[in-house]
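Visitor: File start05.csv below, CSV, C-alpha atoms:
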chain,number,residue,atom,x,y,z
A,33,MET,CA,17.6,46.5,37.1
A,34,THR,CA,20.7,45.3,35.4
A,35,SER,CA,20.7,42.4,33.0
A,36,LEU,CA,22.9,39.4,33.6
A,37,PRO,CA,26.0,39.0,31.5
A,38,VAL,CA,26.0,36.3,28.9
A,39,VAL,CA,29.0,34.1,29.3
A,40,ASN,CA,30.5,31.8,26.7
A,41,GLN,CA,27.5,31.9,24.4
A,42,PRO,CA,28.1,31.9,20.6
A,43,PRO,CA,26.4,34.7,18.8
A,44,HIS,CA,24.0,32.5,16.9
A,45,ARG,CA,22.1,29.3,17.8
A,46,CYS,CA,20.8,27.1,14.9
A,47,GLY,CA,18.4,24.9,16.7
A,48,ALA,CA,15.4,27.1,16.6
A,49,LEU,CA,16.0,28.1,13.0
A,50,LEU,CA,16.4,24.4,12.0
A,51,ASP,CA,13.2,23.5,13.9
A,52,HIS,CA,11.3,26.3,12.2
A,53,LEU,CA,12.5,25.5,8.7
A,54,SER,CA,11.9,21.8,9.3
A,55,ARG,CA,8.3,22.5,10.4
A,56,ARG,CA,7.7,24.6,7.4
A,57,MET,CA,9.1,21.9,5.1
A,58,ARG,CA,7.1,19.2,6.8
A,59,LEU,CA,3.8,21.0,6.7
A,60,ARG,CA,4.2,22.0,3.0
A,61,SER,CA,5.3,18.5,2.2
A,62,GLU,CA,2.3,16.9,3.9
A,63,SER,CA,0.0,19.3,2.0
A,64,VAL,CA,1.4,18.1,-1.4
A,65,LEU,CA,1.6,14.4,-0.4
A,66,ALA,CA,-2.0,14.2,0.9
A,67,PRO,CA,-3.7,14.6,-2.5
A,68,LEU,CA,-1.5,11.8,-3.7
A,69,GLY,CA,-2.8,9.6,-0.8
A,70,LEU,CA,0.7,9.5,0.8
A,71,ARG,CA,2.1,10.4,4.1
A,72,PRO,CA,5.8,11.1,4.8
A,73,ARG,CA,6.3,7.6,6.2
A,74,HIS,CA,4.9,6.1,3.0
A,75,LEU,CA,7.2,8.2,0.9
A,76,ILE,CA,10.2,7.1,2.9
A,77,ALA,CA,9.4,3.5,2.6
A,78,LEU,CA,8.7,3.7,-1.2
A,79,THR,CA,12.0,5.6,-1.6
A,80,VAL,CA,14.0,2.9,0.3
A,81,LEU,CA,12.3,0.1,-1.6
A,82,ARG,CA,13.1,1.8,-4.9
A,83,ASP,CA,16.7,2.6,-3.9
A,84,LEU,CA,17.3,-1.0,-2.7
A,85,GLY,CA,15.5,-2.7,-5.5
A,86,GLY,CA,13.3,-4.4,-2.9
A,87,SER,CA,13.9,-5.7,0.6
A,88,SER,CA,12.9,-8.3,3.0
A,89,GLN,CA,10.3,-7.1,5.4
A,90,GLN,CA,12.7,-7.6,8.3
A,91,ASP,CA,15.5,-5.6,6.6
A,92,LEU,CA,13.1,-2.9,5.7
A,93,ALA,CA,12.2,-2.5,9.4
A,94,LYS,CA,15.8,-2.2,10.3
A,95,THR,CA,16.5,0.3,7.6
A,96,LEU,CA,13.5,2.4,8.6
A,97,GLU,CA,14.4,2.0,12.3
A,98,MET,CA,10.8,0.8,12.9
A,99,ASP,CA,9.3,-2.0,15.0
A,100,GLY,CA,8.3,-4.9,12.8
A,101,THR,CA,4.6,-4.6,13.7
A,102,ASN,CA,4.6,-1.0,12.6
A,103,VAL,CA,6.2,-1.9,9.3
A,104,VAL,CA,3.4,-4.5,8.8
A,105,GLY,CA,0.8,-1.7,9.1
A,106,LEU,CA,2.8,0.6,6.8
A,107,LEU,CA,3.1,-2.2,4.2
A,108,ASN,CA,-0.6,-3.0,4.6
A,109,ASP,CA,-1.4,0.7,3.7
A,110,LEU,CA,0.9,0.6,0.7
A,111,GLU,CA,-0.2,-2.8,-0.5
A,112,ALA,CA,-3.9,-1.8,-0.3
A,113,GLU,CA,-3.1,0.9,-2.9
A,114,ASN,CA,-1.1,-1.5,-5.1
A,115,LEU,CA,2.1,0.5,-4.4
A,116,VAL,CA,4.1,-2.4,-3.1
A,117,GLU,CA,3.9,-6.2,-3.4
A,118,ARG,CA,4.8,-8.7,-0.7
A,119,ARG,CA,5.5,-12.3,-1.4
A,120,ARG,CA,7.3,-15.2,0.2
A,121,SER,CA,11.1,-15.4,-0.4
A,122,PRO,CA,11.9,-18.2,-2.7
A,123,VAL,CA,15.1,-18.8,-0.6
A,124,ASP,CA,13.5,-18.7,2.8
A,125,ARG,CA,9.7,-19.2,2.9
A,126,ARG,CA,9.5,-17.7,6.4
A,127,ARG,CA,10.6,-14.3,5.0
A,128,HIS,CA,8.6,-11.8,3.0
A,129,VAL,CA,10.1,-9.9,0.2
A,130,VAL,CA,8.7,-6.4,-0.5
A,131,GLU,CA,9.1,-4.7,-3.9
A,132,LEU,CA,7.8,-1.5,-5.4
A,133,THR,CA,5.1,-2.0,-8.1
A,134,ASP,CA,5.0,0.0,-11.3
A,135,VAL,CA,2.1,2.0,-9.8
A,136,GLY,CA,4.2,2.7,-6.7
A,137,ALA,CA,7.2,3.8,-8.8
A,138,LYS,CA,5.1,6.2,-10.9
A,139,LEU,CA,3.4,7.7,-7.8
A,140,LEU,CA,6.8,8.0,-6.1
A,141,ALA,CA,8.1,10.0,-9.1
A,142,ARG,CA,5.0,12.3,-8.9
A,143,ALA,CA,5.6,12.8,-5.2
A,144,GLU,CA,9.3,13.6,-5.6
A,145,PHE,CA,8.4,16.2,-8.3
A,146,ALA,CA,5.9,17.8,-6.0
A,147,LEU,CA,8.4,17.8,-3.1
A,148,ALA,CA,11.0,19.4,-5.3
A,149,ALA,CA,8.6,22.3,-5.8
A,150,VAL,CA,8.1,22.5,-2.0
A,151,GLU,CA,11.8,22.7,-1.4
A,152,ASN,CA,12.1,25.4,-4.0
A,153,GLU,CA,9.4,27.4,-2.3
A,154,VAL,CA,10.7,26.9,1.3
A,155,LEU,CA,14.3,27.7,0.3
A,156,ALA,CA,13.5,30.4,-2.2
A,157,GLY,CA,15.7,32.9,-0.3
A,158,LEU,CA,18.8,30.9,-1.1
A,159,SER,CA,20.8,30.8,-4.3
A,160,ASP,CA,21.7,27.4,-5.9
A,161,ASP,CA,25.2,27.6,-4.4
A,162,GLN,CA,23.8,28.4,-1.0
A,163,ARG,CA,21.4,25.4,-1.2
A,164,GLU,CA,24.2,23.1,-2.1
A,165,GLN,CA,26.3,24.5,0.8
A,166,LEU,CA,23.3,24.0,3.1
A,167,TYR,CA,22.9,20.4,1.9
A,168,GLU,CA,26.6,19.7,2.4
A,169,LEU,CA,26.6,21.1,5.9
A,170,LEU,CA,23.4,19.3,6.9
A,171,HIS,CA,24.7,16.1,5.4
A,172,GLN,CA,28.0,16.5,7.3
A,173,ALA,CA,26.2,17.2,10.6
A,174,THR,CA,23.9,14.2,10.1
A,175,ASN,CA,26.7,11.8,9.3
A,176,LYS,CA,28.6,13.0,12.4
A,177,THR,CA,25.5,12.5,14.5
A,178,GLU,CA,25.0,9.0,13.1
A,179,THR,CA,28.6,8.1,13.6
A,180,GLN,CA,28.5,9.2,17.2
A,181,ALA,CA,25.3,7.2,17.8
A,182,CYS,CA,26.9,4.1,16.4
A,183,THR,CA,30.0,4.6,18.5
A,184,GLU,CA,27.8,5.0,21.6
A,185,ALA,CA,25.8,1.9,20.7
A,186,ALA,CA,28.7,-0.2,19.5
A,187,ALA,CA,26.8,-3.4,20.3
A,188,GLU,CA,24.1,-2.5,17.8
A,189,PRO,CA,24.2,-4.5,14.6
A,190,GLY,CA,24.4,-2.4,11.5
A,191,CYS,CA,26.5,0.4,12.9
Please express the file's structure as C-alpha cells.
Guide:
Amino acid sequence: MTSLPVVNQPPHRCGALLDHLSRRMRLRSESVLAPLGLRPRHLIALTVLRDLGGSSQQDLAKTLEMDGTNVVGLLNDLEAENLVERRRSPVDRRRHVVELTDVGAKLLARAEFALAAVENEVLAGLSDDQREQLYELLHQATNKTETQACTEAAAEPGC
C-alpha cells in the first residue's frame, strides 16, 4: 500500500503545540491559584480592575466580554472575600462602580508572583531572549486576530 502524497502542507503546524502548552499553563496556573481561593476568571477580573483603577459593572462586563449576569456572579464571589467593593456611582445612581480593595490588591500581587513561577516552570526550555520572542509573536498574532474580528464585526461598539 502506498501513502498519499502531502500537497501544499507546511512542514510544521503550531495549533497542537499551542494547545498543549496552553493546557499545561492552565493546569499549573489553576493549581497555584486554588490555594489562594482564586480561579482564572477571578484573576482576570482583579487584574482588569487594578489596571483600570476601577470600572463600572457594565464596562467591566464589556471588557471581560461576559454577560452582565455572569459578571454579577463573579463580583459576588470577589466581594464575599473582600477583594472588590461595589457601590453606586455618585454621578449615575443606576450604575455600580467596582474597585479593587487593599485585600484584593495584595492577593493579586501574591497570585501574580505564583504565576510567574508557573511560567518559568512551563517555559524552562526557553532562554530569556526566546521567551521575549515568543511573547512578541503571540502578541502580534493576538492583535491581528482581534483586528480581524473587529473588522468582521464592524457594527460592534468598542472595536
Visitor: Can you measure CA of Gln89 (chain A) to CA of His74 (chain A) for me? One decimal in Å is fine.
Guide: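 Here the two named atoms are 14.5 Å from each other.
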Visitor: Taking all atoms listed in the file into account, name the residue in A:Ser159, A:Asn175, A:Glu144, A:Val129 that is nearest to Leu84 (chain A).
Guide: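 Looking at the shortest contact to Leu84 (chain A), the residue is A:Val129.
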Visitor: What is the distance, in Å and to one decimal place, between CA of Leu70 (chain A) and CA of Gly105 (chain A)?
Guide: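 Going from CA of Leu70 (chain A) over to CA of Gly105 (chain A), I get 13.9 Å.
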Visitor: So which residues touch Val116 (chain A) within 9 Å, counting only C-alpha atoms, skipping near sequence neighbours fewer than 3 positions away, as number ranges by chain?
Guide: A: 78, 81, 107, 110-113, 130-137
Visitor: Figure out the distance between CA of Ser87 (chain A) and CA of Glu151 (chain A), please, to one decimal in Å.
Guide: 28.5 Å
